[in-house]
Each structure stands twice: as C-alpha cells, then as structure tokens.
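Just below is one structure, and these are the notes that go with it.
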Amino acid sequence: PKIFGGEIKKHILMFSAKSASDHSEIMDGFTASAKSNRGSMLFVHIDCDKSDNGRILEFFGLKEEECPDVRIIEMGKTMQKFKPPTEDLTEAAFTAFVSGVMDGSIVRHLMSEEIPEDNTGGVTVLVGKNWEQIVKDETKDVLVKYYAPWCGHCKSLAPIWDSLGDDVKDIEDLVIAKFDATANEVAGLEVRGYPTLKYYPKDNKAGVDYAGDRELDDFKKWLSENSSAYQAARSSQPEGGATEEKQEEL
C-alpha cells in the first residue's frame, strides 16, 4: 500500500543483494540520503538475492548479475523510469540523482534492446530504437503484437503470428511486427495487457486496436477488410492464388 497508494509518487529503488560484500556500505549511503530527502522521495531496497524479486528487476530492464544498481520511478499512468547519470553508489550520488529527477535535469530513461542485425524474416522485430522508424512509416500498413515473453496467451499466439508474417511477407508495404514490451519502451506508448495487438495503417499512425479473433484466417480476413496494402496485393493475384507463370503452364 505504501508503494502503490502512498502520497509520495517518486521512488528511488536500490537493487542490492544482502549477501554482497559491499551491501552494508552501499546501504549506509542510501540510508543517509533517504534521511536528507525524507518527504520528497520514497527510498526502497530490493534484495537481489530473493528470486521473487526477479519480475521487479525485469520491469526495470535489469539482470541479477547487474546488482547493485539504482533506479527512480514515478508512479502513475506512465510509470516513468529514470537511470542515474553515474555508476557511483554513494550518498552524494544518490542525492544528486534524486535532485536531478526532481528538478527535471535528468530525463526519463526509455529501455531498448539492440536492433537485430538480421530483421528480414516474415515477422519484423521492433525494439525501442527502431519503433518510430518502422511504425510511423506512412508508406506502410503495420500490425504490431505487443507481448511479454512469460505471457501464456502470447506463447499460444506466437506460431500463428509467425504464420501470418510468412503469409504476407511478399507484400512490401505491409509489416507484421512484434515488440517485447518488457524490454523496450517508447515515449507515449503504454501497454496495459499482453498480448496487445495494434494496427497502424498508412493514413492513421495514431493506431487502432485489433479486437478480433486470433486464428490465422481471422487475421487474414481482417487485413482483407482493413489493409489497403493487403487488398491491393491480393486483388492482383489470379483467382485461386495461382501465379501467372503457373497459369501459362496450365
């Protein structure tokens, strides 16, 4: 209740394993900074030794081996995260981090994986660094699956999504994409549940939610009704799907 319902909305979280040799020294500095910032920011310790805290680490894009580390979060609809400008874990560094977030000199940190070296498959991999370039491209219709790797419904959808990507990969101006929303962030994009399916047609880059059924034929039917790229490509195909070359042979 103090974390999610308290009056103080900005929290600084220290990720440190109690078993680590430098834990006591780090926590002494963290505690001293907490005393000097009482009432303005909530100071929280996350024990990296506890496996139950793994999901919290994941939410901040951290791995257990990266402990100790520190982050700030502003609670609310956007859940903005902030990364310190230095790796120092001292009282002075904690206090400077808090001051920078409070006065706005330290801006929001957006997580992103690296852009894949090979992104030519049927399903395009979106990360924070290439989302804008691909999704906002007004020459292409883009259908995106926002997912979490641990989500059961996402895992069930994965082979269908791959089949859809393979089915339309010949349509240059139609992109079927996926975005791991646990490891990547985009300013203004808030994913509330997994999987979230969103369509960004050429003429509406604000995007619209896909709320239909989730079998392969359902997606193909939906695209035939909503994607100008899909409509143009499929209407140019001979009836029955045979190619011109095949028809000539027949």
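Chains: A, B, ... in order of the structure tokens. Residues: from 1 per chain. Ligands: from 1, in order shown.
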Quick one: residues within 6 Å of Lys202 of chain A, only C-alpha atoms, excluding same-chain residues fewer than 4 positions away - as a PyMOL selection string? chain A and resi 138-141
Just to be explicit: take each residue in the selection above, keep all heavy atoms, and write the result as a CSV table (one decimal), in the first residue's frame.
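What ended up in part.csv:
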chain,number,residue,atom,x,y,z
A,138,GLU,N,4.7,6.2,-43.2
A,138,GLU,CA,3.4,6.4,-43.8
A,138,GLU,C,3.3,5.7,-45.1
A,138,GLU,O,2.2,5.8,-45.8
A,138,GLU,CB,3.1,7.9,-43.9
A,138,GLU,CG,3.0,8.6,-42.6
A,138,GLU,CD,2.7,10.1,-42.7
A,138,GLU,OE1,2.8,10.6,-43.9
A,138,GLU,OE2,2.4,10.7,-41.7
A,139,THR,N,4.3,5.0,-45.6
A,139,THR,CA,4.2,4.2,-46.8
A,139,THR,C,3.8,2.8,-46.5
A,139,THR,O,3.7,2.0,-47.5
A,139,THR,CB,5.5,4.3,-47.6
A,139,THR,OG1,6.5,3.5,-46.9
A,139,THR,CG2,6.0,5.7,-47.8
A,140,LYS,N,3.6,2.4,-45.3
A,140,LYS,CA,3.3,1.0,-44.9
A,140,LYS,C,2.2,0.9,-43.9
A,140,LYS,O,2.1,1.7,-43.0
A,140,LYS,CB,4.6,0.4,-44.4
A,140,LYS,CG,5.7,0.3,-45.4
A,140,LYS,CD,7.0,-0.4,-44.9
A,140,LYS,CE,8.0,-0.5,-46.0
A,140,LYS,NZ,9.3,-1.1,-45.4
A,141,ASP,N,1.4,-0.2,-44.1
A,141,ASP,CA,0.5,-0.6,-43.0
A,141,ASP,C,1.3,-1.5,-42.1
A,141,ASP,O,2.0,-2.4,-42.5
A,141,ASP,CB,-0.7,-1.4,-43.6
A,141,ASP,CG,-1.6,-0.6,-44.5
A,141,ASP,OD1,-1.6,0.6,-44.3
A,141,ASP,OD2,-2.3,-1.2,-45.3
Exercise: Asp162 of chain A partners within 12 Å, only C-alpha atoms, chain neighbours under 3 positions left out, as JSON, numbers by chain: {"A": [121, 122, 123, 124, 125, 145, 154, 155, 156, 157, 158, 159, 165, 166, 167, 168, 169, 176, 177, 178, 215, 216, 219]}
Prev. selection, N, CA and C atoms, output as an mmCIF file, in the first residue's frame:
data_model
loop_
_atom_site.group_PDB
_atom_site.id
_atom_site.type_symbol
_atom_site.label_atom_id
_atom_site.label_comp_id
_atom_site.auth_asym_id
_atom_site.auth_seq_id
_atom_site.Cartn_x
_atom_site.Cartn_y
_atom_site.Cartn_z
ATOM 1 N N GLY A 121 12.957 -11.426 -41.579
ATOM 2 C CA GLY A 121 12.002 -12.528 -41.505
ATOM 3 C C GLY A 121 10.584 -12.069 -41.776
ATOM 4 N N GLY A 122 9.661 -13.014 -41.763
ATOM 5 C CA GLY A 122 8.269 -12.677 -42.003
ATOM 6 C C GLY A 122 7.712 -11.732 -40.959
ATOM 7 N N VAL A 123 8.182 -11.893 -39.704
ATOM 8 C CA VAL A 123 7.773 -11.005 -38.617
ATOM 9 C C VAL A 123 8.940 -10.073 -38.283
ATOM 10 N N THR A 124 8.704 -8.783 -38.398
ATOM 11 C CA THR A 124 9.736 -7.789 -38.100
ATOM 12 C C THR A 124 9.834 -7.585 -36.591
ATOM 13 N N VAL A 125 11.057 -7.583 -36.073
ATOM 14 C CA VAL A 125 11.277 -7.383 -34.641
ATOM 15 C C VAL A 125 11.421 -5.878 -34.372
ATOM 16 N N LYS A 145 2.247 -6.810 -32.613
ATOM 17 C CA LYS A 145 1.913 -7.585 -31.413
ATOM 18 C C LYS A 145 2.842 -7.128 -30.288
ATOM 19 N N CYS A 154 0.443 -15.035 -25.072
ATOM 20 C CA CYS A 154 1.423 -14.611 -26.088
ATOM 21 C C CYS A 154 2.117 -15.826 -26.699
ATOM 22 N N LYS A 155 2.456 -16.792 -25.866
ATOM 23 C CA LYS A 155 3.114 -18.001 -26.357
ATOM 24 C C LYS A 155 2.194 -18.780 -27.296
ATOM 25 N N SER A 156 0.904 -18.818 -26.967
ATOM 26 C CA SER A 156 -0.054 -19.517 -27.822
ATOM 27 C C SER A 156 -0.220 -18.819 -29.167
ATOM 28 N N LEU A 157 -0.134 -17.499 -29.148
ATOM 29 C CA LEU A 157 -0.315 -16.717 -30.369
ATOM 30 C C LEU A 157 0.921 -16.743 -31.262
ATOM 31 N N ALA A 158 2.102 -16.989 -30.686
ATOM 32 C CA ALA A 158 3.362 -16.865 -31.412
ATOM 33 C C ALA A 158 3.409 -17.634 -32.737
ATOM 34 N N PRO A 159 3.069 -18.938 -32.791
ATOM 35 C CA PRO A 159 3.154 -19.655 -34.074
ATOM 36 C C PRO A 159 2.154 -19.127 -35.110
ATOM 37 N N GLY A 165 2.995 -13.669 -40.616
ATOM 38 C CA GLY A 165 4.127 -12.948 -41.186
ATOM 39 C C GLY A 165 4.649 -13.612 -42.444
ATOM 40 N N ASP A 166 4.751 -14.942 -42.418
ATOM 41 C CA ASP A 166 5.217 -15.682 -43.600
ATOM 42 C C ASP A 166 4.231 -15.557 -44.756
ATOM 43 N N ASP A 167 2.939 -15.526 -44.430
ATOM 44 C CA ASP A 167 1.905 -15.484 -45.459
ATOM 45 C C ASP A 167 1.909 -14.172 -46.235
ATOM 46 N N VAL A 168 2.291 -13.069 -45.570
ATOM 47 C CA VAL A 168 2.208 -11.750 -46.235
ATOM 48 C C VAL A 168 3.578 -11.125 -46.476
ATOM 49 N N LYS A 169 4.657 -11.892 -46.293
ATOM 50 C CA LYS A 169 5.986 -11.300 -46.423
ATOM 51 C C LYS A 169 6.293 -10.804 -47.831
ATOM 52 N N ILE A 176 4.162 -7.081 -40.554
ATOM 53 C CA ILE A 176 3.696 -7.796 -39.364
ATOM 54 C C ILE A 176 4.864 -7.780 -38.378
ATOM 55 N N ALA A 177 4.648 -7.224 -37.204
ATOM 56 C CA ALA A 177 5.759 -6.991 -36.287
ATOM 57 C C ALA A 177 5.436 -7.460 -34.874
ATOM 58 N N LYS A 178 6.492 -7.600 -34.064
ATOM 59 C CA LYS A 178 6.327 -7.936 -32.650
ATOM 60 C C LYS A 178 7.268 -7.071 -31.821
ATOM 61 N N GLU A 215 -7.163 -16.505 -34.823
ATOM 62 C CA GLU A 215 -6.677 -17.595 -35.668
ATOM 63 C C GLU A 215 -6.137 -16.978 -36.970
ATOM 64 N N LEU A 216 -5.352 -17.740 -37.692
ATOM 65 C CA LEU A 216 -4.713 -17.220 -38.901
ATOM 66 C C LEU A 216 -5.732 -16.678 -39.893
ATOM 67 N N PHE A 219 -7.090 -13.258 -38.907
ATOM 68 C CA PHE A 219 -6.190 -12.139 -39.209
ATOM 69 C C PHE A 219 -6.203 -11.814 -40.706
#
Pick the closest to Asp203 of chain A from A:Glu74, A:Asp137, A:Glu172, A:Glu114: which is it, counting only C-alpha atoms? A:Asp137
Those of segment 164-216 of chain A in DSSP strand (DSSP E), formatted as a ChimeraX atom specification: /A:174-180,196-200,208-209
Mind dumping the selected residues with C-alpha atoms as a PDB file, in the first residue's frame?
ATOM      1  CA  LEU A 174       2.538  -4.432 -45.127  1.00  0.00           C
ATOM      2  CA  VAL A 175       4.546  -5.153 -41.971  1.00  0.00           C
ATOM      3  CA  ILE A 176       3.696  -7.796 -39.364  1.00  0.00           C
ATOM      4  CA  ALA A 177       5.759  -6.991 -36.287  1.00  0.00           C
ATOM      5  CA  LYS A 178       6.327  -7.936 -32.650  1.00  0.00           C
ATOM      6  CA  PHE A 179       7.541  -5.822 -29.728  1.00  0.00           C
ATOM      7  CA  ASP A 180       8.707  -7.203 -26.368  1.00  0.00           C
ATOM      8  CA  THR A 196      -1.961  -6.144 -27.173  1.00  0.00           C
ATOM      9  CA  LEU A 197      -2.493  -6.018 -30.937  1.00  0.00           C
ATOM     10  CA  LYS A 198      -2.443  -2.628 -32.601  1.00  0.00           C
ATOM     11  CA  TYR A 199      -2.772  -1.635 -36.259  1.00  0.00           C
ATOM     12  CA  TYR A 200      -1.078   1.426 -37.757  1.00  0.00           C
ATOM     13  CA  VAL A 208      -6.231   1.411 -33.776  1.00  0.00           C
ATOM     14  CA  ASP A 209      -6.740  -1.611 -31.532  1.00  0.00           C
TER      15      ASP A 209
END
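Across the model, the gap from atom CA of Ile12 of chain A to atom CA of Leu42 of chain A is 6.2 Å.
Between atom CA of Met27 of chain A and atom CA of Asp49 of chain A lies a distance of 15.0 Å.
Picture a line from atom CA of Val101 of chain A to atom CA of Val70 of chain A; it runs 13.0 Å.
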Need the shell around Ala32 of chain A: protein/DNA/RNA residues with any atom at most 10 Å away, counting only C-alpha atoms. Skip same-chain ones fewer than 5 positions apart. Format as a PyMOL selection string? chain A and resi 27+37+90-92+94-95
Would you pick out the contacts of Glu113 of chain A at 12 Å or less, using only C-alpha atoms, so that residues sharing its chain but fewer than 6 positions from it are not included, and give the list as a PyMOL selection string? chain A and resi 61-62+125-131+179-186
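For the residues A:Ile72, A:Ala96, A:Met102, A:Leu13, ranking by smallest atom-to-atom distance to Ser40 of chain A using only C-alpha atoms places A:Met102 first.
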Close residues, His23 of chain A itself excluded, 9 Å, only C-alpha atoms, min 6 positions apart in chain, as an MDAnalysis selection string: chainID A and resid 16:17 68
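Each of A:Leu164, A:Thr120, A:Gln231, A:Asp170 was checked against Asp217 of chain A using only C-alpha atoms; the smallest atom-to-atom distance is that of A:Leu164.
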Which residues are close to Lys2 of chain A, i.e. within 12 Å by only C-alpha atoms, leaving aside same-chain residues fewer than 4 positions away? Reply as a VMD selection string. chain A and resid 6 to 11 42 to 44 75
Let me see the file: selected residues, C-alpha atoms, as a compact mmCIF listing (two decimals), in the first residue's frame.
# COMPACT_ATOMS: atom_id res chain seq x y z
CA GLY A 6 1.17 6.40 -0.86
CA GLU A 7 1.21 10.17 -1.31
CA ILE A 8 4.85 10.19 -2.48
CA LYS A 9 4.82 9.21 -6.16
CA LYS A 10 8.56 9.29 -6.91
CA HIS A 11 10.52 6.32 -5.55
CA LEU A 42 10.41 7.25 -1.08
CA PHE A 43 13.58 5.14 -0.69
CA VAL A 44 13.13 1.39 -1.28
CA MET A 75 4.26 6.10 -10.06
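The smallest atom-to-atom distance between Asp69 of chain A and any of A:Pro195, A:Pro116, A:Pro84, A:Gly5, using only C-alpha atoms, is found for A:Pro84.
Closest approach to Lys77 of chain A among A:Lys220, A:Lys50, A:Arg108, A:Arg192 is made by A:Arg192 (distances from only C-alpha atoms).
Minimum atom-to-atom distance to Lys18 of chain A, evaluated using only C-alpha atoms, belongs to A:Cys67 out of A:Ala206, A:Ile3, A:Cys67, A:Leu223.
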